[in-house]
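Take a look at the structure below.
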Amino acid sequence: MGGTRGMLIVFEGLDRSGKSTQCEKLVQTLRNEGEKVEHMQFPNRTTPIGQMINEYLTGESQQEDHVIHLLFSANRWESAQAIENHIRAGTTVVIDRYSYSGCVYSAAKQNKAMDLEWCRQPEEGLPRPDLCLFLDLSSEEAAKRGGFGTERYEKQDLQARVRELYTEMRQHEDEREDIVVVNAGQSIEEVQCEVLKVVKEARRQLDTQGLELRHMR
Ligand code: ADP
Ligand code: FDM
Ligand code: MG
């Protein structure tokens, strides 16, 4: 894979849909092909904001719903310039969760006016992924991969709403264009193979169109 700029590739999906597994594999595959690749994940729990998010997720602290939403977004903004710099320098950035998680998990709380549209606002201006691979798995199938952990959002009813909202989010024209649904119920190798095919096709399109890095709008 050549090209003048790096790609911005995001993995999304429910808990245990295989995001971390597939992120790792894609990063390795692309690196083996000689591509420069940066592997990131959100939340990035290493920054001061990320530590606040971590305490919230583990239940050590409480946050008002709007406040934690904005902290998750701020945690992406902290890395926005670094992401752009990598892409412009020809490094592909592969990210485990991004703005899509930011919107659907907050909107799933059903806190009055905090709908998808409200939740999306602070994301506007962030680097726009060239491709979002949505690893699609029912919450029942996900449950077979091990019980829920102890973090705040690992609850059946919330997960079910999150899955519906991921679908609803694809009504936004940019999201419809960027998100590719992959059946995450296949074997790890089959998912990996499909992911790679989709990534190569996106790379081809980007190269033929000479597309600049865009921003969320
Ligand atoms: P996520 O990051 O989306 O929460 P993980 O990649 O951590 O998901 O995977 C969750 C669990 O499911 C891990 O134990 C992993 O080994 C397993 N797993 C991942 N992909 C598959 C797959 N395609 N089929 C079966 N098990 C899988
Ligand atoms: N999450 C993640 C959000 O609620 N908003 C966000 O912006 C992001 C990036 O945090 F429950 C939620 C989604 C998930 C948790 O879990 C992070 P992992 O296991 O680190 O992906
Ligand atoms: Mg994970």
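Ligands are numbered from 1 in the order shown, chains are lettered A, B, ... in the order of the structure tokens, and residues start at 1 in each chain.
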From the DSSP assignment of the backbone, select every residue of region 35-111 of chain A that is helix (DSSP H, G or I), and format the answer as a PDB file with C-alpha atoms, in the first residue's frame.
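For reference, states.pdb as written:
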ATOM      1  CA  PRO A  48      -5.125  13.632  33.213  1.00  0.00           C
ATOM      2  CA  ILE A  49      -8.541  13.741  31.453  1.00  0.00           C
ATOM      3  CA  GLY A  50      -8.183  10.056  30.606  1.00  0.00           C
ATOM      4  CA  GLN A  51      -7.542   9.270  34.260  1.00  0.00           C
ATOM      5  CA  MET A  52     -10.780  11.047  35.201  1.00  0.00           C
ATOM      6  CA  ILE A  53     -12.593   8.958  32.580  1.00  0.00           C
ATOM      7  CA  ASN A  54     -10.986   5.783  33.915  1.00  0.00           C
ATOM      8  CA  GLU A  55     -12.143   6.556  37.454  1.00  0.00           C
ATOM      9  CA  TYR A  56     -15.642   7.161  36.134  1.00  0.00           C
ATOM     10  CA  LEU A  57     -15.716   3.895  34.161  1.00  0.00           C
ATOM     11  CA  ASP A  65     -23.852  12.825  32.117  1.00  0.00           C
ATOM     12  CA  HIS A  66     -23.056  15.943  30.044  1.00  0.00           C
ATOM     13  CA  VAL A  67     -19.750  16.437  31.847  1.00  0.00           C
ATOM     14  CA  ILE A  68     -18.460  12.920  31.193  1.00  0.00           C
ATOM     15  CA  HIS A  69     -19.622  13.176  27.579  1.00  0.00           C
ATOM     16  CA  LEU A  70     -17.549  16.326  27.096  1.00  0.00           C
ATOM     17  CA  LEU A  71     -14.563  14.750  28.861  1.00  0.00           C
ATOM     18  CA  PHE A  72     -14.630  11.795  26.425  1.00  0.00           C
ATOM     19  CA  SER A  73     -14.705  14.312  23.561  1.00  0.00           C
ATOM     20  CA  ALA A  74     -11.933  16.435  25.108  1.00  0.00           C
ATOM     21  CA  ASN A  75      -9.879  13.242  25.391  1.00  0.00           C
ATOM     22  CA  ARG A  76     -10.059  12.936  21.582  1.00  0.00           C
ATOM     23  CA  TRP A  77      -9.317  16.635  21.067  1.00  0.00           C
ATOM     24  CA  GLU A  78      -6.156  16.188  23.148  1.00  0.00           C
ATOM     25  CA  SER A  79      -4.891  13.823  20.423  1.00  0.00           C
ATOM     26  CA  ALA A  80      -6.392  15.547  17.375  1.00  0.00           C
ATOM     27  CA  GLN A  81      -3.235  17.397  16.343  1.00  0.00           C
ATOM     28  CA  ALA A  82      -1.072  14.309  16.848  1.00  0.00           C
ATOM     29  CA  ILE A  83      -3.433  12.257  14.652  1.00  0.00           C
ATOM     30  CA  GLU A  84      -3.297  14.889  11.893  1.00  0.00           C
ATOM     31  CA  ASN A  85       0.484  15.085  12.124  1.00  0.00           C
ATOM     32  CA  HIS A  86       0.828  11.319  11.737  1.00  0.00           C
ATOM     33  CA  ILE A  87      -1.533  11.214   8.751  1.00  0.00           C
ATOM     34  CA  ARG A  88       0.241  14.077   6.985  1.00  0.00           C
ATOM     35  CA  SER A  99     -16.478   9.567  18.124  1.00  0.00           C
ATOM     36  CA  TYR A 100     -19.050   6.892  17.259  1.00  0.00           C
ATOM     37  CA  SER A 101     -18.640   5.310  20.710  1.00  0.00           C
ATOM     38  CA  GLY A 102     -18.688   8.826  22.108  1.00  0.00           C
ATOM     39  CA  CYS A 103     -22.151   9.430  20.637  1.00  0.00           C
ATOM     40  CA  VAL A 104     -23.900   6.110  21.133  1.00  0.00           C
ATOM     41  CA  TYR A 105     -22.892   5.383  24.733  1.00  0.00           C
ATOM     42  CA  SER A 106     -23.902   8.868  25.904  1.00  0.00           C
ATOM     43  CA  ALA A 107     -27.155   8.887  23.911  1.00  0.00           C
TER      44      ALA A 107
END
Near ligand 1, 6 Å: chain A residue rows, closest pairs, only C-alpha atoms and all ligand atoms, as JSON lines:
{"residue": "A:Asp15", "atom": "CA", "partner": "ligand 1", "partner_atom_place_in_ligand_line": "4 (O)", "distance": 4.1}
{"residue": "A:Arg16", "atom": "CA", "partner": "ligand 1", "partner_atom_place_in_ligand_line": "4 (O)", "distance": 3.3}
{"residue": "A:Ser17", "atom": "CA", "partner": "ligand 1", "partner_atom_place_in_ligand_line": "3 (O)", "distance": 4.0}
{"residue": "A:Gly18", "atom": "CA", "partner": "ligand 1", "partner_atom_place_in_ligand_line": "6 (O)", "distance": 3.3}
{"residue": "A:Lys19", "atom": "CA", "partner": "ligand 1", "partner_atom_place_in_ligand_line": "3 (O)", "distance": 3.7}
{"residue": "A:Ser20", "atom": "CA", "partner": "ligand 1", "partner_atom_place_in_ligand_line": "2 (O)", "distance": 3.7}
{"residue": "A:Thr21", "atom": "CA", "partner": "ligand 1", "partner_atom_place_in_ligand_line": "6 (O)", "distance": 3.6}
{"residue": "A:Arg145", "atom": "CA", "partner": "ligand 1", "partner_atom_place_in_ligand_line": "12 (O)", "distance": 5.1}
{"residue": "A:Ala184", "atom": "CA", "partner": "ligand 1", "partner_atom_place_in_ligand_line": "23 (N)", "distance": 5.8}
{"residue": "A:Gly185", "atom": "CA", "partner": "ligand 1", "partner_atom_place_in_ligand_line": "23 (N)", "distance": 5.8}
{"residue": "A:Gln186", "atom": "CA", "partner": "ligand 1", "partner_atom_place_in_ligand_line": "23 (N)", "distance": 5.2}
{"residue": "A:Ser187", "atom": "CA", "partner": "ligand 1", "partner_atom_place_in_ligand_line": "23 (N)", "distance": 4.2}
{"residue": "A:Ile188", "atom": "CA", "partner": "ligand 1", "partner_atom_place_in_ligand_line": "23 (N)", "distance": 3.7}
task = Have a look at CA of Glu154 (chain A) and atom 18 (P, counted along the ligand's line) of ligand 2 and let me know their distance in Å, one decimal.
result =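 For CA of Glu154 (chain A) relative to atom 18 (P, counted along the ligand's line) of ligand 2, the distance reads 9.9 Å.
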ask   = With only C-alpha atoms as the atoms that count, which of A:Asp115, A:Asp130, A:Asp207, A:Glu189 lies nearest to Arg176 (chain A)?
value = A:Asp130
key: Counting only C-alpha atoms and all ligand atoms, the residue of A:Val93, A:Leu158, A:Leu213, A:Leu133 that sits nearest ligand 2   =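 Going through A:Val93, A:Leu158, A:Leu213, A:Leu133 one by one, the smallest distance to ligand 2 is for A:Leu158.
Distance annotation: of A:Leu30, A:Cys23, A:Leu196, A:Ala202, the residue with the minimal separation from ligand 2 is A:Cys23; atom set is only C-alpha atoms and all ligand atoms.
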ask   = Hey, can you check how far CA of Lys36 (chain A) sits from CA of Gly90 (chain A)?
value = 7.2 Å
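With only C-alpha atoms and all ligand atoms as the atoms that count, the residue of A:Leu14, A:Val198, A:Met169, A:Val180 with the shortest distance to ligand 3 is A:Leu14.
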task = Go through A:Glu124, A:Asp178, A:Asp96, A:Asp157 one by one, measure the shortest atom-to-atom distance of each to ligand 2 using only C-alpha atoms and all ligand atoms, and give the residue with the smallest value.
result =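 Closest candidate: A:Asp96.
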request  = Give the answer as one residue: which of A:Ala143, A:Ala113, A:Val162, A:Met7 has the shortest atom-to-atom distance to ligand 2, using only C-alpha atoms and all ligand atoms?
outcome  =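 Closest residue, counting only C-alpha atoms and all ligand atoms: A:Val162.
For the pair CA of Ile9 (chain A) and CA of Val195 (chain A), the interatomic distance is 10.8 Å.
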